[in-house]
$ cat target-v6.txt   # compact mmCIF, C-alpha atoms
# COMPACT_ATOMS: atom_id res chain seq x y z
CA MET A 25 -13.55 24.48 27.57
CA ILE A 26 -10.61 26.89 27.37
CA THR A 27 -8.33 26.43 30.37
CA ASN A 28 -5.75 29.09 29.49
CA ARG A 29 -6.85 32.14 27.53
CA GLN A 30 -3.34 33.36 26.79
CA SER A 31 -2.24 30.14 25.08
CA GLY A 32 -5.67 28.94 23.97
CA THR A 33 -5.17 25.57 25.67
CA ASN A 34 -8.51 23.77 25.80
CA VAL A 35 -10.10 20.52 26.96
CA HIS A 36 -12.91 18.50 25.35
CA GLU A 37 -14.27 15.03 26.09
CA ILE A 38 -13.98 13.06 22.83
CA ALA A 39 -15.17 9.69 24.18
CA ASP A 40 -16.59 8.55 27.51
CA GLY A 41 -13.99 9.53 30.12
CA ILE A 42 -11.34 10.42 27.51
CA TYR A 43 -10.35 14.08 27.21
CA ARG A 44 -8.39 15.82 24.45
CA ILE A 45 -6.10 18.58 25.75
CA ASN A 46 -5.12 20.87 22.89
CA THR A 47 -2.65 23.75 22.62
CA PRO A 48 -2.52 25.70 19.33
CA ILE A 49 0.66 27.43 18.22
CA VAL A 50 1.80 29.66 15.36
CA ILE A 51 5.18 28.81 13.85
CA ASP A 52 6.95 31.79 12.27
CA GLY A 53 6.93 31.37 8.52
CA ALA A 54 5.34 27.93 8.70
CA GLY A 55 1.72 28.55 9.68
CA ALA A 56 -0.25 27.09 12.56
CA PHE A 57 -0.04 23.73 14.32
CA SER A 58 -1.39 22.09 17.46
CA PHE A 59 -0.34 19.60 20.12
CA ASN A 60 -2.76 17.19 21.79
CA GLN A 61 -2.56 15.07 24.92
CA TYR A 62 -5.25 12.57 25.90
CA LEU A 63 -6.35 12.03 29.49
CA ILE A 64 -8.22 8.89 30.53
CA ALA A 65 -9.95 9.70 33.81
CA ASP A 66 -10.46 6.52 35.83
CA ASP A 67 -9.37 4.72 39.01
CA GLU A 68 -5.83 4.62 37.62
CA PRO A 69 -5.74 7.74 35.42
CA LEU A 70 -3.49 7.87 32.37
CA ILE A 71 -2.25 10.66 30.15
CA PHE A 72 -0.99 9.83 26.64
CA HIS A 73 1.70 12.26 25.41
CA THR A 74 3.12 14.83 27.83
CA GLY A 75 3.65 17.65 25.37
CA PRO A 76 6.98 19.51 25.13
CA ARG A 77 8.54 20.57 28.41
CA ARG A 78 7.64 24.23 27.83
CA PHE A 79 3.94 23.21 27.71
CA PHE A 80 4.00 21.51 31.10
CA SER A 81 2.26 24.23 33.10
CA LEU A 82 -0.44 24.57 30.41
CA VAL A 83 -1.16 20.85 30.26
CA ARG A 84 -1.05 20.51 34.05
CA GLU A 85 -3.61 23.31 34.34
CA ALA A 86 -5.84 21.52 31.81
CA VAL A 87 -5.58 18.16 33.58
CA GLY A 88 -6.43 19.92 36.84
CA SER A 89 -9.69 21.14 35.32
CA VAL A 90 -10.78 17.49 35.01
CA MET A 91 -9.19 15.76 38.03
CA PRO A 92 -6.45 16.23 40.63
CA VAL A 93 -3.08 16.15 38.89
CA GLU A 94 -1.46 14.25 41.75
CA SER A 95 -3.77 11.28 41.20
CA LEU A 96 -2.27 10.47 37.77
CA ARG A 97 -0.97 6.91 37.69
CA TYR A 98 0.50 6.48 34.20
CA ILE A 99 2.44 8.93 32.01
CA ALA A 100 2.25 7.19 28.63
CA PHE A 101 3.52 7.93 25.14
CA SER A 102 4.03 6.36 21.72
CA HIS A 103 7.79 6.84 21.30
CA VAL A 104 10.64 8.96 22.60
CA GLU A 105 10.35 12.47 21.16
CA ALA A 106 10.00 15.89 22.78
CA ASP A 107 6.27 16.33 22.14
CA GLU A 108 5.63 12.76 23.27
CA CYS A 109 7.54 12.76 26.56
CA GLY A 110 9.50 16.01 26.87
CA SER A 111 7.96 16.89 30.25
CA LEU A 112 7.95 13.33 31.58
CA ASN A 113 10.02 14.08 34.67
CA GLU A 114 7.93 17.16 35.50
CA TRP A 115 4.83 14.92 35.48
CA LEU A 116 6.54 12.31 37.64
CA ALA A 117 7.28 15.04 40.19
CA ALA A 118 3.74 16.42 40.08
CA ALA A 119 2.08 12.99 40.48
CA PRO A 120 3.98 11.00 43.14
CA ARG A 121 2.25 7.68 42.33
CA SER A 122 2.84 7.92 38.60
CA VAL A 123 5.24 5.90 36.46
CA PRO A 124 6.23 6.15 32.80
CA LEU A 125 4.26 3.77 30.58
CA CYS A 126 5.70 2.72 27.22
CA GLY A 127 6.72 -0.22 25.11
CA THR A 128 9.58 -2.53 26.01
CA VAL A 129 11.97 -1.05 23.42
CA ALA A 130 11.54 2.52 24.71
CA ALA A 131 11.84 1.33 28.30
CA THR A 132 15.03 -0.59 27.59
CA VAL A 133 16.93 1.81 25.35
CA SER A 134 15.81 5.22 26.64
CA ILE A 135 13.33 5.65 29.47
CA GLY A 136 15.12 3.43 31.99
CA ASP A 137 17.87 6.04 31.88
CA LEU A 138 16.02 9.29 31.08
CA ALA A 139 13.16 9.03 33.57
CA ASP A 140 13.37 9.82 37.26
CA ARG A 141 11.35 6.68 38.04
CA ALA A 142 11.54 3.25 36.49
CA PRO A 143 9.05 2.71 33.65
CA ARG A 144 6.23 0.23 33.45
CA ALA A 145 7.04 -1.52 30.18
CA LEU A 146 4.18 -3.06 28.24
CA ALA A 147 4.76 -6.06 26.01
CA ASP A 148 3.15 -6.22 22.61
CA ASP A 149 -0.60 -6.94 22.98
CA GLU A 150 -0.47 -6.54 26.78
CA LEU A 151 -3.67 -5.30 28.43
CA LEU A 152 -3.64 -2.87 31.35
CA LEU A 153 -6.74 -2.25 33.47
CA LEU A 154 -7.37 1.35 34.56
CA GLY A 155 -10.80 0.80 36.16
CA THR A 156 -13.77 0.95 33.84
CA HIS A 157 -11.33 1.57 30.98
CA SER A 158 -8.59 -0.76 29.78
CA VAL A 159 -5.76 -0.10 27.36
CA ARG A 160 -3.84 -2.51 25.17
CA TRP A 161 -0.34 -1.78 23.86
CA LEU A 162 0.39 -2.55 20.21
CA ASP A 163 3.96 -2.44 18.95
CA ALA A 164 4.25 -0.41 15.71
CA PRO A 165 7.98 -0.07 14.94
CA HIS A 166 8.72 2.62 12.36
CA VAL A 167 5.00 3.43 11.83
CA PRO A 168 5.16 6.27 11.31
CA HIS A 169 8.69 6.54 12.72
CA GLY A 170 10.81 5.39 15.62
CA TRP A 171 12.00 1.87 16.39
CA ASP A 172 10.27 2.15 19.77
CA CYS A 173 6.90 3.29 18.36
CA GLY A 174 3.63 1.78 19.55
CA PHE A 175 0.05 2.75 20.32
CA LEU A 176 -2.62 2.22 22.96
CA THR A 177 -6.16 1.19 22.15
CA GLU A 178 -8.83 1.81 24.79
CA GLU A 179 -11.14 -1.15 24.48
CA ARG A 180 -14.41 0.00 26.06
CA THR A 181 -14.73 3.13 23.93
CA ALA A 182 -12.90 1.69 20.89
CA THR A 183 -10.50 4.64 20.92
CA LEU A 184 -7.10 4.26 19.26
CA LEU A 185 -4.50 6.62 20.71
CA CYS A 186 -2.72 6.85 17.38
CA GLY A 187 0.06 9.37 18.00
CA ASP A 188 1.54 10.88 14.85
CA LEU A 189 -0.74 9.00 12.46
CA PHE A 190 -3.12 11.35 10.62
CA THR A 191 -1.24 14.48 11.65
CA GLN A 192 -3.10 17.58 10.44
CA GLY A 193 -1.59 21.03 10.16
CA GLY A 194 -3.42 24.13 11.32
CA ALA A 195 -4.66 25.12 14.73
CA ASP A 196 -8.27 26.29 14.37
CA LEU A 197 -9.69 22.77 14.10
CA PRO A 198 -12.64 21.14 15.89
CA PRO A 199 -11.83 18.86 18.87
CA VAL A 200 -13.40 15.90 17.07
CA THR A 201 -14.56 15.60 13.48
CA GLU A 202 -16.22 13.14 11.14
CA SER A 203 -14.88 14.97 8.07
CA ASP A 204 -11.95 13.81 5.97
CA ILE A 205 -8.60 13.85 7.76
CA LEU A 206 -6.76 11.50 5.41
CA GLY A 207 -6.46 14.12 2.67
CA PRO A 208 -5.08 16.87 4.93
CA SER A 209 -2.80 14.46 6.78
CA GLU A 210 -1.40 13.01 3.56
CA ALA A 211 -0.76 16.51 2.24
CA PHE A 212 1.13 17.25 5.45
CA ARG A 213 3.08 13.99 5.15
CA HIS A 214 4.10 14.66 1.56
CA ALA A 215 5.37 18.11 2.53
CA MET A 216 7.30 16.96 5.60
CA ASP A 217 8.11 13.30 4.74
CA TYR A 218 8.20 12.24 8.39
CA PHE A 219 7.24 8.58 7.77
CA SER A 220 9.96 5.94 7.87
CA HIS A 221 8.79 4.15 4.68
CA THR A 222 9.15 0.76 6.34
CA LYS A 223 8.14 -2.20 4.20
CA HIS A 224 6.03 -3.45 7.13
CA ALA A 225 3.67 -0.45 7.23
CA ARG A 226 0.68 -2.24 5.70
CA VAL A 227 0.95 -5.19 8.08
CA THR A 228 1.16 -2.86 11.07
CA LEU A 229 -1.75 -0.68 9.90
CA GLU A 230 -3.86 -3.77 9.22
CA ARG A 231 -3.21 -4.91 12.79
CA LEU A 232 -4.37 -1.52 14.08
CA ALA A 233 -7.43 -1.71 11.81
CA ALA A 234 -8.32 -5.09 13.32
CA THR A 235 -9.06 -3.33 16.62
CA ARG A 236 -11.99 -1.62 14.80
CA PRO A 237 -11.52 1.83 16.34
CA ALA A 238 -14.49 4.18 16.42
CA THR A 239 -12.38 7.17 17.49
CA LEU A 240 -8.86 8.05 16.40
CA ALA A 241 -7.10 10.21 18.98
CA CYS A 242 -4.52 12.08 16.86
CA MET A 243 -1.65 13.96 18.47
CA HIS A 244 -1.85 16.87 16.02
CA GLY A 245 -5.15 18.26 14.74
CA SER A 246 -8.67 16.99 15.32
CA ALA A 247 -9.56 13.63 16.78
CA TRP A 248 -11.71 11.68 14.33
CA ARG A 249 -14.89 9.66 14.72
CA GLY A 250 -16.08 7.02 12.26
CA ASP A 251 -14.96 3.74 10.70
CA GLY A 252 -11.37 3.78 11.88
CA ALA A 253 -10.56 0.43 10.31
CA ALA A 254 -11.48 1.70 6.86
CA LEU A 255 -9.46 4.89 7.36
CA LEU A 256 -6.36 2.98 8.50
CA ARG A 257 -6.62 0.74 5.44
CA ALA A 258 -6.99 3.79 3.23
CA LEU A 259 -3.78 5.17 4.76
CA ALA A 260 -2.06 1.86 3.98
CA ASP A 261 -3.21 2.15 0.37
CA SER A 262 -1.93 5.71 0.15
CA LEU A 263 1.44 4.71 1.56
CA SER A 264 1.71 1.94 -1.01
CA ALA A 265 0.81 4.17 -3.96
$ encode --input "target-v6.txt" --output "structure tokens"
Amino acid sequence: MITNRQSGTNVHEIADGIYRINTPIVIDGAGAFSFNQYLIADDEPLIFHTGPRRFFSLVREAVGSVMPVESLRYIAFSHVEADECGSLNEWLAAAPRSVPLCGTVAATVSIGDLADRAPRALADDELLLLGTHSVRWLDAPHVPHGWDCGFLTEERTATLLCGDLFTQGGADLPPVTESDILGPSEAFRHAMDYFSHTKHARVTLERLAATRPATLACMHGSAWRGDGAALLRALADSLSA
């Protein structure tokens, strides 16, 4: 469903109660790209990634097509970066019951100061109940980048909210695909070199694979459906090559 015809912002349900909000853009001289946020609609609703601050009205409009914006409880993100949490304070103002949700490193070194409300910091492997959904935080320092990086896995639908992993360029992509995303994402990585090259990448990716995700909710490009554990291990192999 397109929620804003001028920007092309659109919403699609990629797993039960989990919605991908997507805004395509064209970058002068650099082709097309897209930004995704993921909304978990439940008793305690959560959005993962805010989008850049200039996208706030577009994303708010998209959330409002699914549920009342003011009922949001958690404004979550993988690490501190503009497309992850650039409009955090705008969301906190729009949803009076909401709080930032992030890992303990981000809460301690950044969000406790940057956010207009104190964050809810999740420890590594901590589970948070949202209603029929539950999310678990997994620390992932420097994978792909950022000391404060981590991911949420939604346990009922086996959805891994995997942030910048498997970033795909382009904008005219399906909301969810079962086609190859490793090849396009690795081509994008080799061109941009945005990974940290930590020596702990394989261990971290193996830990994510152990959650056996059936859906990978990527921040850029299509979400992916299939054997997520195998794809994460294939990424680890590619990083080691």
$ residues_around --input "target-v6.txt" --residues "region 95-101 of chain A" --least-positions-apart "3" --cutoff "7 Å" --atoms "all atoms listed in the file" --output "list in words"
Glu68, Pro69, Leu70, Ile71, Phe72, His73, Pro92, Glu108, Cys109, Ala119, Arg121, Ser122, Val123, Pro124, Leu125 and Cys126 of chain A
$ closest_residue --input "target-v6.txt" --among "A:Arg213, A:Leu232, A:Gly193, A:Thr74" --to "Ile51 (chain A)" --atoms "all atoms listed in the file"
A:Gly193
$ residues_near_point --input "target-v6.txt" --point "(-3.5, -8.6, 28.4)" --cutoff "12 Å" --atoms "all atoms listed in the file" --output "JSON, numbers by chain"
{"A": [146, 147, 148, 149, 150, 151, 152, 153, 158, 159, 160, 161, 162, 177, 179]}
$ closest_residue --input "target-v6.txt" --among "A:Arg141, A:Arg44, A:Arg180, A:His166" --to "Lys223 (chain A)" --atoms "only C-alpha atoms"
A:His166
$ closest_residue --input "target-v6.txt" --among "A:His157, A:Pro199, A:Ala260, A:Ala131" --to "Ala145 (chain A)" --atoms "only C-alpha atoms"
A:Ala131
$ axis_aligned_box --input "target-v6.txt" --around "region 72-80 of chain A" --padding-each-side "8 Å" --output "JSON"
{"center_x": 3.8, "center_y": 17.0, "center_z": 28.1, "size_x": 25.5, "size_y": 30.4, "size_z": 22.0}
$ residues_around --input "target-v6.txt" --residues "region 226-231 of chain A" --least-positions-apart "3" --cutoff "7 Å" --atoms "all atoms listed in the file" --output "list in words"
Ala164, Ala234, Leu256, Arg257 and Ala260 of chain A
$ closest_residue --input "target-v6.txt" --among "A:Thr132, A:Ser102, A:Thr191, A:Ser246" --to "His214 (chain A)" --atoms "only C-alpha atoms"
A:Thr191
$ closest_residue --input "target-v6.txt" --among "A:Ala142, A:Leu82, A:Ala117, A:Leu263" --to "Ser209 (chain A)" --atoms "only C-alpha atoms"
A:Leu263
$ closest_residue --input "target-v6.txt" --among "A:Pro168, A:His244, A:Gly250, A:Ala265" --to "Asp217 (chain A)" --atoms "all atoms listed in the file"
A:Pro168
$ residues_around --input "target-v6.txt" --residues "region 206-208 of chain A" --least-positions-apart "4" --cutoff "7 Å" --atoms "only C-alpha atoms" --output "PyMOL selection string"
chain A and resi 190+192+212
$ build_atoms --input "target-v6.txt" --residues "region 148-163 of chain A" --atoms "N, CA, C and O atoms" --output "compact mmCIF listing (two decimals), in the frame of the given file"
# COMPACT_ATOMS: atom_id res chain seq x y z
N ASP A 148 4.09 -6.28 23.72
CA ASP A 148 3.15 -6.22 22.61
C ASP A 148 1.89 -7.00 22.95
O ASP A 148 1.94 -8.14 23.44
N ASP A 149 0.73 -6.36 22.74
CA ASP A 149 -0.60 -6.94 22.98
C ASP A 149 -0.94 -7.07 24.47
O ASP A 149 -1.94 -7.71 24.82
N GLU A 150 -0.17 -6.46 25.35
CA GLU A 150 -0.47 -6.54 26.78
C GLU A 150 -1.59 -5.59 27.15
O GLU A 150 -1.63 -4.44 26.72
N LEU A 151 -2.52 -6.07 27.97
CA LEU A 151 -3.67 -5.30 28.43
C LEU A 151 -3.41 -4.76 29.83
O LEU A 151 -2.91 -5.48 30.70
N LEU A 152 -3.80 -3.51 30.05
CA LEU A 152 -3.64 -2.87 31.35
C LEU A 152 -4.99 -2.31 31.78
O LEU A 152 -5.60 -1.52 31.07
N LEU A 153 -5.46 -2.72 32.95
CA LEU A 153 -6.74 -2.25 33.47
C LEU A 153 -6.54 -0.93 34.21
O LEU A 153 -5.65 -0.80 35.05
N LEU A 154 -7.41 0.04 33.90
CA LEU A 154 -7.37 1.35 34.56
C LEU A 154 -8.55 1.55 35.50
O LEU A 154 -8.56 2.49 36.28
N GLY A 155 -9.54 0.68 35.43
CA GLY A 155 -10.80 0.80 36.16
C GLY A 155 -11.90 0.37 35.22
O GLY A 155 -11.95 -0.79 34.81
N THR A 156 -12.77 1.29 34.85
CA THR A 156 -13.77 0.95 33.84
C THR A 156 -13.18 0.94 32.43
O THR A 156 -13.75 0.37 31.51
N HIS A 157 -12.05 1.59 32.25
CA HIS A 157 -11.33 1.57 30.98
C HIS A 157 -10.18 0.56 31.04
O HIS A 157 -9.67 0.25 32.12
N SER A 158 -9.79 0.07 29.88
CA SER A 158 -8.59 -0.76 29.78
C SER A 158 -7.88 -0.41 28.49
O SER A 158 -8.51 -0.10 27.48
N VAL A 159 -6.56 -0.44 28.54
CA VAL A 159 -5.76 -0.10 27.36
C VAL A 159 -4.88 -1.28 26.99
O VAL A 159 -4.38 -2.01 27.85
N ARG A 160 -4.70 -1.45 25.69
CA ARG A 160 -3.84 -2.51 25.17
C ARG A 160 -2.73 -1.86 24.33
O ARG A 160 -3.00 -1.00 23.49
N TRP A 161 -1.49 -2.30 24.59
CA TRP A 161 -0.34 -1.78 23.86
C TRP A 161 -0.12 -2.60 22.59
O TRP A 161 -0.12 -3.83 22.62
N LEU A 162 0.08 -1.91 21.47
CA LEU A 162 0.39 -2.55 20.21
C LEU A 162 1.70 -2.00 19.66
O LEU A 162 1.80 -0.80 19.38
N ASP A 163 2.70 -2.85 19.55
CA ASP A 163 3.96 -2.44 18.95
C ASP A 163 3.73 -2.00 17.50
O ASP A 163 2.98 -2.65 16.76
